[in-house]
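Okay, so here's the structure we're looking at.
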Amino acid sequence: MSRDRDHALPEPPSRRLLLKGAAAAGALAAVPALPGVAEAAPQDGTAAGTPAGRPKPAPFVNPLVRNRADPHIHRHKDGFYYFTATAPEYDRIILRRSRTLGGLGTADESVIWRAHPTGPMGAHIWAPELHRIGGKWYIYFASAPAEDVWAIRIWVLENAHPNPFKGTWVERGQIKTAWETFSLDATTFTHRGKRYLAWAQHEPGLDNNTGIFLSEMANPWTLKGPQVRLSTPEYDWECIGFKVNEGPYVLKRNGRLFMTYSASATDFNYCVGLLTADADSHLLDPLSWTKSPTPVFTSNDTTKQYGPGHNCFTVAEDGRTDVLVYHARQYKEINGDPLNDPNRHTRVQKLGWKSDGTPDFGVPIADAVKVSE
């Protein structure tokens, strides 16, 4: 993954460095009006509740979906929640849907695409996100050639059928960035009539694994440019094990854009950081974004949740209660490479808001605690 110093092209990091940073490999569920951007639930000064005519949020119990990391939940206008995530075998893209968030845990799972046996898109199928753009479905995901499994890049699938479980998923190809380097965890959002892609990539000349980049898009699989770096691992908590910024996701609220990202190795040190920009600012100016000096969501020994990260956002069934979606493990110590540990489970919980209009992530809640808003 990447880092941030403008040196003149020294030796690129070793494959082992990329491999380990990749362990942290990895979104935001769209409100129908703004695909790819999680609009926070409206707030009118009243306590979060169930207005007349709105369904009450259904209860759920964590883990929501076991053995599924890098979760992405898209709440569509058809009334379904669509779920995709990384399968621990790294060989396929799966999809579930349910009328309720809690129902995703027991919903039937379909394999909508499999890795190629040889050549591009043959290995390390990571961090898929499902987005509805221009009347079609798109999945953004990371993969590598079967013969070069750490040459990971960002790829796009497209489906013109109204139902993403039907129709044909067409391979639109690789999203070409400024460099042919380790890249992953793409997410897309719109703001002020423009569509953007945010992703993680290793920048040549830097000694980190990945930083966070942003570009305007010409179409759902092509960048328009310029491509700017918004964040690089710089704080100690971003550099534990590996120097990683990855898994960006955008939430729009209170006149600001909040971009979460994940940092450090994918063990219990994995955590969530936050970038903030004013909604009226020039998003492609890195100076428009302010980084929180401390992580906003971390492991918790009391609730026994470890390595929370690669999050996205959605809303509960009432259409107003904001929901944080993420993965975490139930134990702190891992034997061997975290990439070989399949027990990153998908979890969800209510996202709070502070009096200053910024998100309050709280702590990852304990397993088997029934949650109902």
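All residue names refer to the structure tokens as shown: chains lettered A, B, ... in order, residues numbered from 1 in each chain, ligands numbered from 1 in order.
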
Please list as a compact mmCIF listing (two decimals) with N, CA and C atoms, in the first residue's frame every residue within 6 Å of region 145-155 of chain A, counting only C-alpha atoms and excluding residues in the same chain fewer than 3 positions away.
# COMPACT_ATOMS: atom_id res chain seq x y z
N THR A 118 -6.71 -18.30 -14.97
CA THR A 118 -5.39 -17.80 -15.36
C THR A 118 -5.52 -16.34 -15.77
N GLY A 119 -4.39 -15.65 -15.81
CA GLY A 119 -4.38 -14.29 -16.31
C GLY A 119 -4.95 -13.27 -15.34
N PRO A 120 -5.30 -12.07 -15.86
CA PRO A 120 -5.82 -10.99 -15.01
C PRO A 120 -7.07 -11.42 -14.25
N MET A 121 -7.29 -10.79 -13.12
CA MET A 121 -8.44 -11.07 -12.27
C MET A 121 -8.48 -12.53 -11.85
N GLY A 122 -7.28 -13.07 -11.56
CA GLY A 122 -7.20 -14.48 -11.21
C GLY A 122 -6.92 -14.77 -9.75
N ALA A 123 -6.60 -13.72 -8.95
CA ALA A 123 -6.25 -13.96 -7.55
C ALA A 123 -6.57 -12.75 -6.71
N TYR A 140 -16.99 -2.48 -8.00
CA TYR A 140 -15.57 -2.13 -7.97
C TYR A 140 -14.88 -3.12 -7.04
N PHE A 141 -13.77 -3.69 -7.48
CA PHE A 141 -13.09 -4.67 -6.64
C PHE A 141 -11.60 -4.68 -6.99
N ALA A 142 -10.82 -5.30 -6.13
CA ALA A 142 -9.38 -5.44 -6.36
C ALA A 142 -9.07 -6.88 -6.72
N GLY A 173 -13.07 -3.84 -17.21
CA GLY A 173 -11.63 -3.71 -17.23
C GLY A 173 -11.05 -3.00 -16.03
N GLN A 174 -9.77 -2.72 -16.10
CA GLN A 174 -9.02 -2.09 -15.03
C GLN A 174 -9.21 -0.58 -15.05
N ILE A 175 -9.35 0.00 -13.87
CA ILE A 175 -9.32 1.46 -13.76
C ILE A 175 -7.85 1.88 -13.79
N PHE A 182 0.55 -1.22 -6.85
CA PHE A 182 -0.40 -1.83 -5.93
C PHE A 182 -1.54 -0.85 -5.62
N SER A 183 -2.78 -1.24 -5.96
CA SER A 183 -3.93 -0.34 -5.75
C SER A 183 -5.18 -1.16 -5.48
N LEU A 184 -6.05 -0.61 -4.68
CA LEU A 184 -7.23 -1.37 -4.23
C LEU A 184 -8.22 -0.46 -3.53

- Message: Considering only strand (DSSP E or B) as DSSP defines it on the backbone, what residues of region 136-278 of chain A qualify? List them as an MDAnalysis selection string.
- Response: chainID A and resid 136:144 153:159 170:174 183:191 194:201 209 211:219 222:223 228:231 245:253 256:263 271:278

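Look at Gln330 (chain A): the protein and nucleic acid residues within 7 Å of it, using only C-alpha atoms and passing over chain neighbours fewer than 5 places away, are A:Lys304, A:Gln305, A:Tyr306.
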
Generate a file of the selected residues that holds all heavy atoms, formatted as a PDB file, in the first residue's frame.
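What follows is the written file part01.pdb:
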ATOM      1  N   LYS A 304     -14.469  -6.792  23.509  1.00  0.00           N
ATOM      2  CA  LYS A 304     -13.766  -7.880  22.830  1.00  0.00           C
ATOM      3  C   LYS A 304     -13.989  -7.840  21.309  1.00  0.00           C
ATOM      4  O   LYS A 304     -14.348  -8.837  20.668  1.00  0.00           O
ATOM      5  CB  LYS A 304     -14.156  -9.234  23.415  1.00  0.00           C
ATOM      6  CG  LYS A 304     -13.817  -9.354  24.902  1.00  0.00           C
ATOM      7  CD  LYS A 304     -13.988 -10.767  25.409  1.00  0.00           C
ATOM      8  CE  LYS A 304     -13.685 -10.836  26.909  1.00  0.00           C
ATOM      9  NZ  LYS A 304     -12.368 -10.311  27.263  1.00  0.00           N
ATOM     10  N   GLN A 305     -13.738  -6.668  20.768  1.00  0.00           N
ATOM     11  CA  GLN A 305     -13.784  -6.476  19.321  1.00  0.00           C
ATOM     12  C   GLN A 305     -12.424  -5.933  18.889  1.00  0.00           C
ATOM     13  O   GLN A 305     -11.958  -4.928  19.425  1.00  0.00           O
ATOM     14  CB  GLN A 305     -14.886  -5.494  18.942  1.00  0.00           C
ATOM     15  CG  GLN A 305     -16.281  -5.938  19.346  1.00  0.00           C
ATOM     16  CD  GLN A 305     -16.704  -7.209  18.623  1.00  0.00           C
ATOM     17  OE1 GLN A 305     -16.669  -7.305  17.404  1.00  0.00           O
ATOM     18  NE2 GLN A 305     -17.086  -8.219  19.403  1.00  0.00           N
ATOM     19  N   TYR A 306     -11.826  -6.586  17.892  1.00  0.00           N
ATOM     20  CA  TYR A 306     -10.446  -6.267  17.553  1.00  0.00           C
ATOM     21  C   TYR A 306     -10.274  -6.032  16.049  1.00  0.00           C
ATOM     22  O   TYR A 306     -10.801  -6.787  15.225  1.00  0.00           O
ATOM     23  CB  TYR A 306      -9.525  -7.384  18.021  1.00  0.00           C
ATOM     24  CG  TYR A 306      -9.588  -7.573  19.522  1.00  0.00           C
ATOM     25  CD1 TYR A 306     -10.343  -8.607  20.077  1.00  0.00           C
ATOM     26  CD2 TYR A 306      -8.936  -6.685  20.374  1.00  0.00           C
ATOM     27  CE1 TYR A 306     -10.430  -8.759  21.452  1.00  0.00           C
ATOM     28  CE2 TYR A 306      -9.019  -6.830  21.749  1.00  0.00           C
ATOM     29  CZ  TYR A 306      -9.764  -7.864  22.285  1.00  0.00           C
ATOM     30  OH  TYR A 306      -9.856  -8.005  23.657  1.00  0.00           O
TER      31      TYR A 306
END

- Identify, on the basis of only C-alpha atoms, every residue whose closest approach to region 277-279 of chain A does not exceed 9 Å; exclude the query and any residue fewer than 2 positions from it along the same chain; express the result as a PyMOL selection string. chain A and resi 191-192+252-259+275+281-283+287-290

Please identify every residue of region 241-349 of chain A that has at least one atom no farther than 9 Å from an atom of region 197-206 of chain A, counting only C-alpha atoms, and for each give the shortest atom pair and the distance in Å to one decimal, arranged by chain then increasing number, as JSON lines.
{"residue": "A:Val244", "atom": "CA", "partner": "A:Ala200", "partner_atom": "CA", "distance": 8.9}
{"residue": "A:Asn245", "atom": "CA", "partner": "A:Ala200", "partner_atom": "CA", "distance": 6.8}
{"residue": "A:Glu246", "atom": "CA", "partner": "A:Ala200", "partner_atom": "CA", "distance": 4.9}
{"residue": "A:Gly247", "atom": "CA", "partner": "A:Ala200", "partner_atom": "CA", "distance": 6.8}
{"residue": "A:Pro248", "atom": "CA", "partner": "A:Trp199", "partner_atom": "CA", "distance": 6.3}
{"residue": "A:Tyr249", "atom": "CA", "partner": "A:Ala198", "partner_atom": "CA", "distance": 7.7}
{"residue": "A:Val250", "atom": "CA", "partner": "A:Ala198", "partner_atom": "CA", "distance": 8.8}

- Item | Exercise: region 361-365 of chain A partners within 7 Å, only C-alpha atoms, chain neighbours under 2 positions left out, as a VMD selection string | chain A and resid 296 to 298 300 303 305 351 to 352 359 367

- For Cys239 (chain A), work out the shell of residues within 9 Å, counting only C-alpha atoms and skipping chain neighbours fewer than 4 positions away, then give it as a PyMOL selection string. chain A and resi 208+233-235+243-245+263-265

Let me see the file: selected residues, N, CA and C atoms, as a PDB file, in the first residue's frame.
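And here is the file that came out, result_3.pdb:
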ATOM      1  N   ASN A 208       5.977   3.837   2.041  1.00  0.00           N
ATOM      2  CA  ASN A 208       4.839   3.249   2.746  1.00  0.00           C
ATOM      3  C   ASN A 208       4.168   2.204   1.872  1.00  0.00           C
ATOM      4  N   PRO A 233       0.120   7.584   5.426  1.00  0.00           N
ATOM      5  CA  PRO A 233       0.418   7.222   6.808  1.00  0.00           C
ATOM      6  C   PRO A 233       1.497   8.117   7.391  1.00  0.00           C
ATOM      7  N   GLU A 234       1.174   8.814   8.460  1.00  0.00           N
ATOM      8  CA  GLU A 234       2.133   9.725   9.088  1.00  0.00           C
ATOM      9  C   GLU A 234       2.116   9.633  10.609  1.00  0.00           C
ATOM     10  N   TYR A 235       0.948   9.399  11.190  1.00  0.00           N
ATOM     11  CA  TYR A 235       0.864   9.256  12.640  1.00  0.00           C
ATOM     12  C   TYR A 235       1.274   7.844  13.047  1.00  0.00           C
ATOM     13  N   LYS A 243       2.658   0.642   7.076  1.00  0.00           N
ATOM     14  CA  LYS A 243       2.242   2.033   6.870  1.00  0.00           C
ATOM     15  C   LYS A 243       1.112   2.052   5.851  1.00  0.00           C
ATOM     16  N   VAL A 244      -0.109   2.111   6.380  1.00  0.00           N
ATOM     17  CA  VAL A 244      -1.292   1.875   5.547  1.00  0.00           C
ATOM     18  C   VAL A 244      -2.351   2.945   5.770  1.00  0.00           C
ATOM     19  N   ASN A 245      -2.849   3.500   4.671  1.00  0.00           N
ATOM     20  CA  ASN A 245      -4.145   4.190   4.601  1.00  0.00           C
ATOM     21  C   ASN A 245      -4.903   3.494   3.485  1.00  0.00           C
ATOM     22  N   ALA A 263      -6.319   2.079   8.804  1.00  0.00           N
ATOM     23  CA  ALA A 263      -4.880   2.280   8.948  1.00  0.00           C
ATOM     24  C   ALA A 263      -4.230   1.137   9.710  1.00  0.00           C
ATOM     25  N   SER A 264      -2.938   0.955   9.466  1.00  0.00           N
ATOM     26  CA  SER A 264      -2.065  -0.035  10.108  1.00  0.00           C
ATOM     27  C   SER A 264      -2.370  -1.456   9.632  1.00  0.00           C
ATOM     28  N   ALA A 265      -1.683  -2.415  10.229  1.00  0.00           N
ATOM     29  CA  ALA A 265      -1.828  -3.808   9.823  1.00  0.00           C
ATOM     30  C   ALA A 265      -3.219  -4.326  10.180  1.00  0.00           C
TER      31      ALA A 265
END

- Do you have the CA of Gly309 (chain A)-CA of Tyr261 (chain A) distance handy? 7.8 Å

Contacts of Glu333 (chain A) at 10 Å or less, counting only C-alpha atoms, minus same-chain residues fewer than 3 places along, as a PDB file with N, CA, C and O atoms, in the first residue's frame?
ATOM      1  N   ASP A 267      -4.257  -6.714  11.941  1.00  0.00           N
ATOM      2  CA  ASP A 267      -4.472  -7.398  13.209  1.00  0.00           C
ATOM      3  C   ASP A 267      -5.250  -6.463  14.139  1.00  0.00           C
ATOM      4  O   ASP A 267      -6.022  -5.628  13.676  1.00  0.00           O
ATOM      5  N   PHE A 268      -5.053  -6.567  15.447  1.00  0.00           N
ATOM      6  CA  PHE A 268      -5.827  -5.740  16.373  1.00  0.00           C
ATOM      7  C   PHE A 268      -5.444  -4.261  16.298  1.00  0.00           C
ATOM      8  O   PHE A 268      -6.133  -3.406  16.863  1.00  0.00           O
ATOM      9  N   TYR A 306     -11.826  -6.586  17.892  1.00  0.00           N
ATOM     10  CA  TYR A 306     -10.446  -6.267  17.553  1.00  0.00           C
ATOM     11  C   TYR A 306     -10.274  -6.032  16.049  1.00  0.00           C
ATOM     12  O   TYR A 306     -10.801  -6.787  15.225  1.00  0.00           O
ATOM     13  N   ARG A 329     -12.605  -8.761  14.348  1.00  0.00           N
ATOM     14  CA  ARG A 329     -12.449 -10.118  14.870  1.00  0.00           C
ATOM     15  C   ARG A 329     -12.899 -10.167  16.327  1.00  0.00           C
ATOM     16  O   ARG A 329     -13.009  -9.139  16.989  1.00  0.00           O
ATOM     17  N   GLN A 330     -13.077 -11.400  16.817  1.00  0.00           N
ATOM     18  CA  GLN A 330     -13.514 -11.606  18.195  1.00  0.00           C
ATOM     19  C   GLN A 330     -12.352 -11.899  19.135  1.00  0.00           C
ATOM     20  O   GLN A 330     -12.564 -12.176  20.307  1.00  0.00           O
ATOM     21  N   GLY A 336       0.012 -16.689  12.755  1.00  0.00           N
ATOM     22  CA  GLY A 336       0.391 -16.578  11.360  1.00  0.00           C
ATOM     23  C   GLY A 336      -0.069 -15.282  10.717  1.00  0.00           C
ATOM     24  O   GLY A 336      -0.422 -14.311  11.391  1.00  0.00           O
ATOM     25  N   PRO A 338      -2.276 -12.565   9.143  1.00  0.00           N
ATOM     26  CA  PRO A 338      -3.692 -12.224   9.264  1.00  0.00           C
ATOM     27  C   PRO A 338      -4.495 -12.497   7.993  1.00  0.00           C
ATOM     28  O   PRO A 338      -5.705 -12.746   8.055  1.00  0.00           O
TER      29      PRO A 338
END

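Using only C-alpha atoms, the smallest distance between any of A:Asp108, A:Thr266, A:Pro308, A:Trp126 and Pro88 (chain A) comes from A:Trp126.
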
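Inside region 214-332 of chain A, the residues DSSP reads as helix (DSSP H, G or I) when given the backbone are Asp236, Trp237, Glu238, Pro286, Leu287 and Ser288 of chain A.
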
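Proximity ranking of A:Thr100, A:Ser292, A:Thr86, A:Asn209 relative to Lys56 (chain A) places A:Thr100 first, based on only C-alpha atoms.
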
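The coordinates place CA of Trp113 (chain A) at 23.2 Å from CA of Arg99 (chain A).
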
- Query: Using only C-alpha atoms, which of A:Leu251, A:Gly319, A:Tyr326, A:Trp179 sits nearest Val272 (chain A)?
  - Reply: A:Tyr326

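Residue nearest Asn219 (chain A) within the list A:Asp78, A:Tyr138, A:Asn269, A:His116: A:Tyr138 [criterion: smallest interatomic distance, only C-alpha atoms].
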
- Item | Distance criterion (only C-alpha atoms): nearest to Val325 (chain A) out of A:Trp137, A:Phe313, A:Tyr196, A:Trp353 | A:Phe313

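The closest residue to Leu284 (chain A), picked from A:Asp318, A:Asp337, A:Glu216, A:Asp301 and counting only C-alpha atoms, is A:Glu216.
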